[in-house]
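*Asks:* I am sharing entry-v1.txt, which consists of compact mmCIF, C-alpha atoms and all ligand atoms:
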```
# COMPACT_ATOMS: atom_id res chain seq x y z
CA MET W 1 0.00 0.00 0.00
CA THR W 2 1.32 3.44 -0.93
CA GLU W 3 1.98 5.84 1.95
CA ARG W 4 -0.12 8.96 1.42
CA PRO W 5 -1.43 11.55 3.84
CA GLN W 6 -4.83 10.37 5.09
CA THR W 7 -7.47 12.66 3.57
CA SER W 8 -11.21 12.14 3.36
CA SER W 9 -12.80 11.31 0.03
CA ILE W 10 -16.14 12.51 1.38
CA ASP W 11 -17.73 15.68 0.11
CA PRO W 12 -20.36 16.08 2.87
CA ALA W 13 -22.87 17.93 0.64
CA GLU W 14 -22.68 15.20 -2.01
CA VAL W 15 -23.14 12.36 0.49
CA ALA W 16 -26.07 14.23 2.12
CA LYS W 17 -27.84 14.35 -1.27
CA PHE W 18 -27.76 10.57 -1.54
CA GLN W 19 -28.61 10.03 2.11
CA ALA W 20 -31.79 12.07 1.56
CA MET W 21 -32.83 9.87 -1.39
CA ALA W 22 -31.89 6.52 0.20
CA ALA W 23 -35.42 5.11 0.41
CA GLU W 24 -35.84 5.38 -3.37
CA TRP W 25 -32.96 3.17 -4.49
CA TRP W 26 -35.07 0.21 -5.54
CA ASP W 27 -37.95 2.13 -7.14
CA PRO W 28 -37.33 1.83 -10.90
CA GLN W 29 -39.57 4.86 -11.49
CA GLY W 30 -38.07 6.89 -8.61
CA LYS W 31 -35.13 9.25 -8.33
CA PHE W 32 -32.67 6.59 -9.46
CA LYS W 33 -34.58 5.77 -12.64
CA PRO W 34 -31.55 6.62 -14.85
CA LEU W 35 -29.36 4.13 -12.98
CA HIS W 36 -32.05 1.44 -13.28
CA MET W 37 -32.24 2.10 -17.02
CA LEU W 38 -28.46 2.05 -17.37
CA ASN W 39 -27.91 -1.02 -15.20
CA PRO W 40 -28.16 -3.85 -17.77
CA THR W 41 -25.64 -2.03 -20.00
CA ARG W 42 -23.25 -1.38 -17.10
CA LEU W 43 -23.58 -5.03 -16.08
CA GLU W 44 -22.76 -6.14 -19.62
CA TYR W 45 -19.62 -3.99 -19.58
CA VAL W 46 -18.42 -4.97 -16.12
CA THR W 47 -19.02 -8.70 -16.57
CA THR W 48 -17.27 -8.71 -19.96
CA GLN W 49 -14.18 -7.04 -18.47
CA ILE W 50 -14.04 -9.34 -15.44
CA ALA W 51 -14.58 -12.49 -17.50
CA ALA W 52 -11.77 -11.48 -19.87
CA GLN W 53 -9.30 -10.66 -17.09
CA PHE W 54 -9.94 -13.74 -14.99
CA GLY W 55 -10.64 -16.22 -17.81
CA ARG W 56 -14.24 -16.86 -16.79
CA ASN W 57 -17.11 -17.98 -19.01
CA ARG W 58 -20.12 -15.73 -18.64
CA ASP W 59 -22.40 -18.59 -19.77
CA ASP W 60 -21.64 -20.44 -16.54
CA ALA W 61 -24.29 -20.18 -13.83
CA ARG W 62 -21.91 -18.55 -11.33
CA PRO W 63 -18.92 -17.43 -13.40
CA PHE W 64 -17.36 -15.21 -10.73
CA GLU W 65 -17.24 -17.83 -7.96
CA GLY W 66 -14.08 -17.28 -5.89
CA LEU W 67 -13.59 -13.63 -6.90
CA THR W 68 -13.82 -10.79 -4.40
CA ILE W 69 -15.45 -7.56 -5.53
CA LEU W 70 -15.68 -4.20 -3.79
CA ASP W 71 -18.51 -1.92 -4.95
CA ILE W 72 -17.32 1.43 -3.60
CA GLY W 73 -20.11 4.02 -3.38
CA CYS W 74 -22.56 1.15 -3.82
CA GLY W 75 -25.71 3.18 -3.16
CA GLY W 76 -28.63 0.76 -2.81
CA GLY W 77 -26.66 -2.11 -4.33
CA LEU W 78 -27.96 -2.00 -7.91
CA MET W 79 -24.69 -3.52 -9.16
CA ALA W 80 -23.62 -5.33 -5.97
CA GLU W 81 -26.65 -7.64 -6.16
CA PRO W 82 -26.19 -8.94 -9.71
CA MET W 83 -22.48 -9.48 -9.03
CA ALA W 84 -23.34 -11.57 -5.95
CA ARG W 85 -25.81 -13.59 -8.05
CA LEU W 86 -22.94 -14.31 -10.46
CA GLY W 87 -21.05 -15.95 -7.60
CA ALA W 88 -18.65 -13.19 -6.48
CA ARG W 89 -18.02 -12.44 -2.80
CA VAL W 90 -19.20 -8.83 -2.76
CA THR W 91 -18.47 -6.03 -0.33
CA GLY W 92 -20.61 -2.92 -0.80
CA ALA W 93 -19.36 0.29 0.83
CA ASP W 94 -21.04 3.68 0.94
CA ALA W 95 -20.49 6.78 3.03
CA ALA W 96 -24.27 7.32 3.45
CA THR W 97 -25.53 5.05 6.24
CA GLY W 98 -29.11 5.26 4.88
CA ASN W 99 -27.95 3.69 1.64
CA ILE W 100 -26.29 0.82 3.47
CA LEU W 101 -29.45 0.19 5.50
CA VAL W 102 -31.61 0.07 2.37
CA ALA W 103 -29.06 -2.06 0.50
CA SER W 104 -28.76 -4.55 3.38
CA LEU W 105 -32.53 -4.96 3.77
CA HIS W 106 -32.99 -5.42 0.03
CA ALA W 107 -30.20 -8.02 -0.25
CA GLU W 108 -31.60 -9.94 2.70
CA ALA W 109 -35.06 -9.99 1.11
CA GLN W 110 -33.43 -11.36 -2.06
CA GLY W 111 -31.59 -14.08 -0.11
CA LEU W 112 -28.22 -12.60 -1.11
CA GLU W 113 -25.16 -12.47 1.15
CA ILE W 114 -23.39 -9.15 0.63
CA ASP W 115 -21.04 -7.56 3.13
CA TYR W 116 -22.45 -4.02 3.28
CA ARG W 117 -20.50 -1.39 5.19
CA ALA W 118 -21.08 2.28 5.93
CA THR W 119 -17.53 3.36 5.23
CA THR W 120 -15.17 4.95 2.74
CA SER W 121 -12.44 3.81 0.39
CA GLU W 122 -9.72 5.27 2.59
CA ALA W 123 -11.02 3.50 5.71
CA LEU W 124 -11.01 0.16 3.86
CA ALA W 125 -7.50 0.83 2.55
CA ALA W 126 -6.32 1.73 6.06
CA GLU W 127 -7.64 -1.67 7.22
CA GLY W 128 -5.42 -3.25 4.53
CA GLN W 129 -8.37 -4.67 2.55
CA SER W 130 -7.89 -5.63 -1.09
CA TYR W 131 -10.09 -7.18 -3.76
CA ASP W 132 -9.84 -8.84 -7.17
CA VAL W 133 -12.12 -6.17 -8.60
CA VAL W 134 -12.99 -2.68 -7.39
CA MET W 135 -16.06 -1.16 -9.04
CA ALA W 136 -16.30 2.63 -8.66
CA LEU W 137 -19.47 3.36 -10.61
CA GLU W 138 -20.86 6.89 -10.88
CA ILE W 139 -18.94 7.99 -7.78
CA VAL W 140 -15.77 9.79 -8.92
CA GLU W 141 -17.83 12.89 -9.86
CA HIS W 142 -19.14 13.03 -6.27
CA VAL W 143 -15.92 12.74 -4.22
CA ALA W 144 -13.86 15.54 -2.68
CA ASP W 145 -10.69 14.87 -4.69
CA PRO W 146 -10.99 12.48 -7.67
CA ALA W 147 -7.23 11.89 -8.08
CA ASP W 148 -6.83 11.05 -4.41
CA PHE W 149 -9.91 8.81 -4.49
CA ILE W 150 -8.59 6.87 -7.51
CA ALA W 151 -5.21 6.42 -5.80
CA THR W 152 -6.97 4.89 -2.81
CA CYS W 153 -8.99 2.63 -5.12
CA ARG W 154 -5.69 1.48 -6.63
CA ASP W 155 -4.50 0.45 -3.16
CA LEU W 156 -7.68 -1.61 -2.80
CA VAL W 157 -7.04 -3.64 -5.99
CA LYS W 158 -5.03 -6.84 -5.62
CA PRO W 159 -2.09 -7.30 -8.00
CA GLY W 160 -3.55 -8.70 -11.23
CA GLY W 161 -6.94 -7.21 -10.37
CA LEU W 162 -9.17 -4.60 -11.96
CA LEU W 163 -10.46 -1.13 -11.21
CA ILE W 164 -13.64 -0.46 -13.20
CA GLN W 165 -14.92 3.10 -13.13
CA SER W 166 -17.85 4.83 -14.79
CA THR W 167 -18.74 8.49 -14.89
CA LEU W 168 -19.89 11.35 -17.12
CA ASN W 169 -17.83 13.19 -19.72
CA ARG W 170 -17.55 17.00 -19.54
CA ASN W 171 -18.52 18.77 -22.78
CA PRO W 172 -21.50 20.73 -24.18
CA LYS W 173 -23.35 17.51 -25.10
CA SER W 174 -23.07 16.09 -21.59
CA PHE W 175 -24.38 19.39 -20.21
CA LEU W 176 -27.36 19.11 -22.56
CA MET W 177 -28.03 15.41 -21.92
CA GLY W 178 -26.81 14.96 -18.34
CA ILE W 179 -28.08 18.19 -16.79
CA ILE W 180 -30.72 19.87 -19.00
CA GLY W 181 -32.16 16.60 -20.38
CA ALA W 182 -31.99 14.32 -17.34
CA GLU W 183 -32.67 16.86 -14.58
CA TRP W 184 -34.72 19.65 -16.18
CA VAL W 185 -36.65 18.16 -19.12
CA MET W 186 -37.15 14.44 -18.34
CA ARG W 187 -36.92 15.04 -14.58
CA TRP W 188 -35.27 11.62 -14.25
CA LEU W 189 -33.08 13.05 -11.47
CA PRO W 190 -33.73 15.78 -8.91
CA LYS W 191 -32.30 19.12 -10.04
CA GLY W 192 -28.80 19.58 -8.65
CA THR W 193 -27.98 15.85 -8.46
CA HIS W 194 -25.01 16.54 -10.71
CA ASP W 195 -22.66 19.49 -11.00
CA TRP W 196 -21.47 19.53 -14.63
CA ARG W 197 -18.19 21.15 -13.62
CA ARG W 198 -17.32 17.95 -11.75
CA PHE W 199 -17.78 15.74 -14.79
CA ILE W 200 -14.49 14.26 -16.01
CA THR W 201 -13.29 13.69 -19.55
CA PRO W 202 -12.01 10.21 -20.48
CA ASP W 203 -8.51 11.64 -20.98
CA GLU W 204 -8.57 13.24 -17.52
CA LEU W 205 -9.81 10.01 -15.92
CA ALA W 206 -7.23 7.95 -17.80
CA ALA W 207 -4.45 10.35 -16.73
CA MET W 208 -5.48 10.23 -13.06
CA THR W 209 -5.77 6.44 -13.21
CA THR W 210 -2.44 5.95 -14.98
CA ALA W 211 -0.77 8.28 -12.47
CA THR W 212 -1.57 5.75 -9.72
CA GLY W 213 0.41 3.06 -11.57
CA LEU W 214 -2.63 1.25 -13.00
CA ASN W 215 -2.76 0.38 -16.71
CA VAL W 216 -5.86 1.58 -18.49
CA VAL W 217 -6.90 -1.28 -20.80
CA ASP W 218 -10.34 -0.22 -22.00
CA ARG W 219 -12.58 2.85 -22.39
CA CYS W 220 -16.17 2.40 -23.52
CA GLY W 221 -19.16 4.69 -23.98
CA MET W 222 -22.63 3.90 -22.68
CA VAL W 223 -24.98 5.52 -25.14
CA PHE W 224 -28.68 6.37 -24.72
CA ASN W 225 -30.77 5.92 -27.83
CA PRO W 226 -33.90 8.09 -27.45
CA LEU W 227 -35.62 6.42 -30.42
CA GLY W 228 -35.36 2.89 -29.05
CA TRP W 229 -35.40 4.21 -25.44
CA SER W 230 -32.46 1.92 -24.80
CA TRP W 231 -28.78 1.99 -23.82
CA SER W 232 -25.90 0.32 -25.62
CA LEU W 233 -22.12 0.05 -25.35
CA SER W 234 -19.96 1.89 -27.88
CA HIS W 235 -16.19 2.10 -28.13
CA ARG W 236 -16.65 5.06 -30.50
CA ASP W 237 -19.02 7.30 -28.56
CA LEU W 238 -17.81 8.30 -25.08
CA SER W 239 -19.45 11.72 -25.32
CA VAL W 240 -21.73 11.44 -22.28
CA ASN W 241 -21.66 8.31 -20.09
CA TYR W 242 -18.62 6.07 -20.21
CA ALA W 243 -16.72 3.38 -18.34
CA MET W 244 -13.02 2.63 -18.02
CA THR W 245 -11.12 -0.49 -16.96
CA ALA W 246 -7.62 -0.51 -15.51
CA VAL W 247 -5.39 -3.40 -14.43
CA ARG W 248 -2.98 -3.49 -11.53
CA ASP W 249 0.21 -5.27 -12.56
CA ALA W 250 0.57 -8.73 -11.07
C1 LIG C 1 -24.51 8.28 -7.99
S1 LIG C 1 -24.41 7.23 -6.62
C2 LIG C 1 -23.89 5.74 -7.41
C3 LIG C 1 -24.33 4.51 -6.67
C4 LIG C 1 -23.90 3.18 -7.29
N1 LIG C 1 -22.47 3.11 -7.49
C5 LIG C 1 -24.59 2.95 -8.59
O1 LIG C 1 -24.03 3.36 -9.61
O2 LIG C 1 -25.70 2.40 -8.61
C6 LIG C 1 -22.93 7.75 -5.75
C7 LIG C 1 -22.80 7.07 -4.40
O3 LIG C 1 -21.49 7.33 -3.89
C8 LIG C 1 -21.61 7.53 -2.48
N2 LIG C 1 -20.42 8.29 -2.05
C9 LIG C 1 -20.09 9.58 -2.36
N3 LIG C 1 -18.89 9.90 -1.83
C10 LIG C 1 -18.45 8.78 -1.21
C11 LIG C 1 -17.27 8.45 -0.49
N4 LIG C 1 -16.31 9.35 -0.34
N5 LIG C 1 -17.12 7.19 -0.01
C12 LIG C 1 -18.10 6.26 -0.18
N6 LIG C 1 -19.25 6.52 -0.83
C13 LIG C 1 -19.42 7.75 -1.33
C14 LIG C 1 -22.91 8.27 -2.32
O4 LIG C 1 -23.43 8.16 -1.02
C15 LIG C 1 -23.78 7.57 -3.37
O5 LIG C 1 -24.46 6.47 -2.82
```
Re-express the file's structure as structure tokens.
Ligand SMILES: C[S@@+](CC[C@H](N)C(=O)[O-])C[C@H]1O[C@@H](n2cnc3c(N)ncnc32)[C@H](O)[C@@H]1O

*Replies:*
Amino acid sequence: MTERPQTSSIDPAEVAKFQAMAAEWWDPQGKFKPLHMLNPTRLEYVTTQIAAQFGRNRDDARPFEGLTILDIGCGGGLMAEPMARLGARVTGADAATGNILVASLHAEAQGLEIDYRATTSEALAAEGQSYDVVMALEIVEHVADPADFIATCRDLVKPGGLLIQSTLNRNPKSFLMGIIGAEWVMRWLPKGTHDWRRFITPDELAAMTTATGLNVVDRCGMVFNPLGWSWSLSHRDLSVNYAMTAVRDA
């Protein structure tokens, strides 16, 4: 583990926003509707990357048996649950205690064993925890210092493991789609959920990730098609939502 001054990744105002919405995590028509819509596409991306890195066959019933996964900033567990169903040993961590309560109750009702913790990346790193895969999905735009947060995530990845991040690009189109479209026109998200200035371009995210010593091996867009009302993966279009995979050298 790299020695760095211990700073907090928490931006209290950001965490308070999610704490206030905690009860709505599992309502597909509620305040997290965009994440519910995006989830199958994110799952497709994440499972493809993990299967490729660890030589697993996604057609198996539980292809990720034996792998440990940390879902940092797990919210209500929208991604933690499917990963547990695929056989992984999942830890879900979130700074908002309300989220962890909702996530734990939901997993229990589903008969899923997930180790949910109200904590932060830096606290887990300080405990010396490490995982085969760290998923940091839609969180880097909400933390106090993205570069510092990514460096802590790197510490949490075992050698040979993966850090998979997803976030929003910063450009005029993402302002139109991510703020005006999603928050003001469609009202999919409460106004103010996102601050466009905190969105991160793929090059910025790749630079911050590479600076930690991780190797970025894939960047992929997640594209909303308003005609088909569907999402798809695209390695050509990273203009709004995108994901990035990085490997820690073995
Ligand atoms: C947009 S939500 C994404 C939730 C989940 N990853 C998903 O995509 O379904 C961001 C989450 O990150 C959490 N969060 C923000 N800052 C955090 C921090 N420093 N440590 C842990 N969780 C944090 C928030 O409480 C919130 O639940």

*Asks:* Give me the residues near Gln53 in chain W as a short mmCIF file (atom, residue, chain, number, x, y, z; two decimals) with C-alpha atoms, in the coordinates of the input, where near means some atom within 8 Å (using only C-alpha atoms) and where sequence neighbours in that chain fewer than 3 positions away do not count.

*Replies:*
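What ended up in around.cif:
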```cif
data_model
loop_
_atom_site.label_atom_id
_atom_site.label_comp_id
_atom_site.auth_asym_id
_atom_site.auth_seq_id
_atom_site.Cartn_x
_atom_site.Cartn_y
_atom_site.Cartn_z
CA GLN W 49 -14.18 -7.04 -18.47
CA ILE W 50 -14.04 -9.34 -15.44
CA ARG W 56 -14.24 -16.86 -16.79
CA GLY W 161 -6.94 -7.21 -10.37
CA LEU W 162 -9.17 -4.60 -11.96
#
```

*Asks:* Which residue is closest to ligand LIG 1 (chain C)? Choose from W:Ala125, W:Ala93, W:Val102, W:Leu189 and count only C-alpha atoms and all ligand atoms.

*Replies:*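 Closest residue, counting only C-alpha atoms and all ligand atoms: W:Ala93.
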
*Asks:* Given the point (-23.3, 9.2, -22.1) in the file's coordinates, find the residues that have an atom at most 8 Å from it, counting only C-alpha atoms, and give them as a list in words.

*Replies:* Leu168, Asn169, Ser174, Met177, Gly178, Gly221, Met222, Val223, Phe224, Asp237, Leu238, Ser239, Val240, Asn241 and Tyr242 of chain W

*Asks:* Using all atoms listed in the file, pick whichever of W:Thr193, W:Gln29, W:Gln129, W:Asn57 has the shortest atom-to-atom distance to ligand LIG 1 (chain C).

*Replies:*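 Among the listed residues, W:Thr193 lies closest to ligand LIG 1 (chain C).
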
*Asks:* Rounded to one decimal in Å, what is the spacing between CA of Ile100 in chain W and CA of Arg85 in chain W?

*Replies:*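 According to the coordinates, CA of Ile100 in chain W and CA of Arg85 in chain W are separated by 18.5 Å.
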
*Asks:* Since the input has fewer atoms than a full residue there, write range 67-101 of chain W out with N, CA and C atoms, as a tab-separated table (two decimals), keeping the file's coordinate frame.

*Replies:*
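This went into result30.tsv:
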```tsv
chain	number	residue	atom	x	y	z
W	67	LEU	N	-14.14	-14.99	-6.75
W	67	LEU	CA	-13.59	-13.63	-6.90
W	67	LEU	C	-14.16	-12.72	-5.82
W	68	THR	N	-13.32	-11.78	-5.36
W	68	THR	CA	-13.82	-10.79	-4.40
W	68	THR	C	-14.01	-9.45	-5.13
W	69	ILE	N	-15.13	-8.81	-4.86
W	69	ILE	CA	-15.45	-7.56	-5.53
W	69	ILE	C	-15.84	-6.52	-4.49
W	70	LEU	N	-15.24	-5.34	-4.60
W	70	LEU	CA	-15.68	-4.20	-3.79
W	70	LEU	C	-16.47	-3.26	-4.69
W	71	ASP	N	-17.70	-2.93	-4.26
W	71	ASP	CA	-18.51	-1.92	-4.95
W	71	ASP	C	-18.43	-0.67	-4.07
W	72	ILE	N	-17.53	0.24	-4.44
W	72	ILE	CA	-17.32	1.43	-3.60
W	72	ILE	C	-18.30	2.53	-4.03
W	73	GLY	N	-19.02	3.09	-3.05
W	73	GLY	CA	-20.11	4.02	-3.38
W	73	GLY	C	-21.26	3.23	-3.96
W	74	CYS	N	-21.63	2.14	-3.25
W	74	CYS	CA	-22.56	1.15	-3.82
W	74	CYS	C	-23.99	1.63	-3.87
W	75	GLY	N	-24.32	2.73	-3.18
W	75	GLY	CA	-25.71	3.18	-3.16
W	75	GLY	C	-26.60	2.09	-2.59
W	76	GLY	N	-27.70	1.78	-3.29
W	76	GLY	CA	-28.63	0.76	-2.81
W	76	GLY	C	-28.23	-0.65	-3.21
W	77	GLY	N	-27.13	-0.77	-3.96
W	77	GLY	CA	-26.66	-2.11	-4.33
W	77	GLY	C	-27.13	-2.57	-5.70
W	78	LEU	N	-27.43	-1.63	-6.59
W	78	LEU	CA	-27.96	-2.00	-7.91
W	78	LEU	C	-26.98	-2.86	-8.70
W	79	MET	N	-25.69	-2.68	-8.48
W	79	MET	CA	-24.69	-3.52	-9.16
W	79	MET	C	-24.14	-4.59	-8.22
W	80	ALA	N	-24.14	-4.33	-6.92
W	80	ALA	CA	-23.62	-5.33	-5.97
W	80	ALA	C	-24.46	-6.61	-6.06
W	81	GLU	N	-25.78	-6.45	-6.16
W	81	GLU	CA	-26.65	-7.64	-6.16
W	81	GLU	C	-26.42	-8.55	-7.37
W	82	PRO	N	-26.44	-8.02	-8.60
W	82	PRO	CA	-26.19	-8.94	-9.71
W	82	PRO	C	-24.80	-9.59	-9.65
W	83	MET	N	-23.81	-8.88	-9.12
W	83	MET	CA	-22.48	-9.48	-9.03
W	83	MET	C	-22.48	-10.63	-8.01
W	84	ALA	N	-23.23	-10.48	-6.93
W	84	ALA	CA	-23.34	-11.57	-5.95
W	84	ALA	C	-24.06	-12.76	-6.57
W	85	ARG	N	-25.09	-12.49	-7.38
W	85	ARG	CA	-25.81	-13.59	-8.05
W	85	ARG	C	-24.89	-14.35	-9.00
W	86	LEU	N	-23.88	-13.66	-9.53
W	86	LEU	CA	-22.94	-14.31	-10.46
W	86	LEU	C	-21.83	-15.05	-9.71
W	87	GLY	N	-21.94	-15.10	-8.39
W	87	GLY	CA	-21.05	-15.95	-7.60
W	87	GLY	C	-19.94	-15.22	-6.87
W	88	ALA	N	-19.76	-13.92	-7.13
W	88	ALA	CA	-18.65	-13.19	-6.48
W	88	ALA	C	-18.95	-12.97	-4.99
W	89	ARG	N	-17.87	-12.84	-4.21
W	89	ARG	CA	-18.02	-12.44	-2.80
W	89	ARG	C	-17.95	-10.91	-2.79
W	90	VAL	N	-19.10	-10.27	-2.54
W	90	VAL	CA	-19.20	-8.83	-2.76
W	90	VAL	C	-19.21	-8.07	-1.44
W	91	THR	N	-18.40	-7.02	-1.40
W	91	THR	CA	-18.47	-6.03	-0.33
W	91	THR	C	-19.03	-4.76	-0.94
W	92	GLY	N	-20.06	-4.19	-0.33
W	92	GLY	CA	-20.61	-2.92	-0.80
W	92	GLY	C	-20.34	-1.86	0.26
W	93	ALA	N	-19.71	-0.76	-0.15
W	93	ALA	CA	-19.36	0.29	0.83
W	93	ALA	C	-19.93	1.61	0.35
W	94	ASP	N	-20.51	2.36	1.28
W	94	ASP	CA	-21.04	3.68	0.94
W	94	ASP	C	-20.95	4.56	2.17
W	95	ALA	N	-20.65	5.84	1.92
W	95	ALA	CA	-20.49	6.78	3.03
W	95	ALA	C	-21.84	7.16	3.64
W	96	ALA	N	-22.94	6.96	2.92
W	96	ALA	CA	-24.27	7.32	3.45
W	96	ALA	C	-24.86	6.10	4.15
W	97	THR	N	-25.05	6.21	5.46
W	97	THR	CA	-25.53	5.05	6.24
W	97	THR	C	-26.93	4.63	5.78
W	98	GLY	N	-27.76	5.59	5.36
W	98	GLY	CA	-29.11	5.26	4.88
W	98	GLY	C	-29.05	4.34	3.68
W	99	ASN	N	-28.09	4.55	2.81
W	99	ASN	CA	-27.95	3.69	1.64
W	99	ASN	C	-27.62	2.26	2.06
W	100	ILE	N	-26.73	2.15	3.03
W	100	ILE	CA	-26.29	0.82	3.47
W	100	ILE	C	-27.45	0.07	4.13
W	101	LEU	N	-28.28	0.80	4.86
W	101	LEU	CA	-29.45	0.19	5.50
W	101	LEU	C	-30.40	-0.35	4.43
```
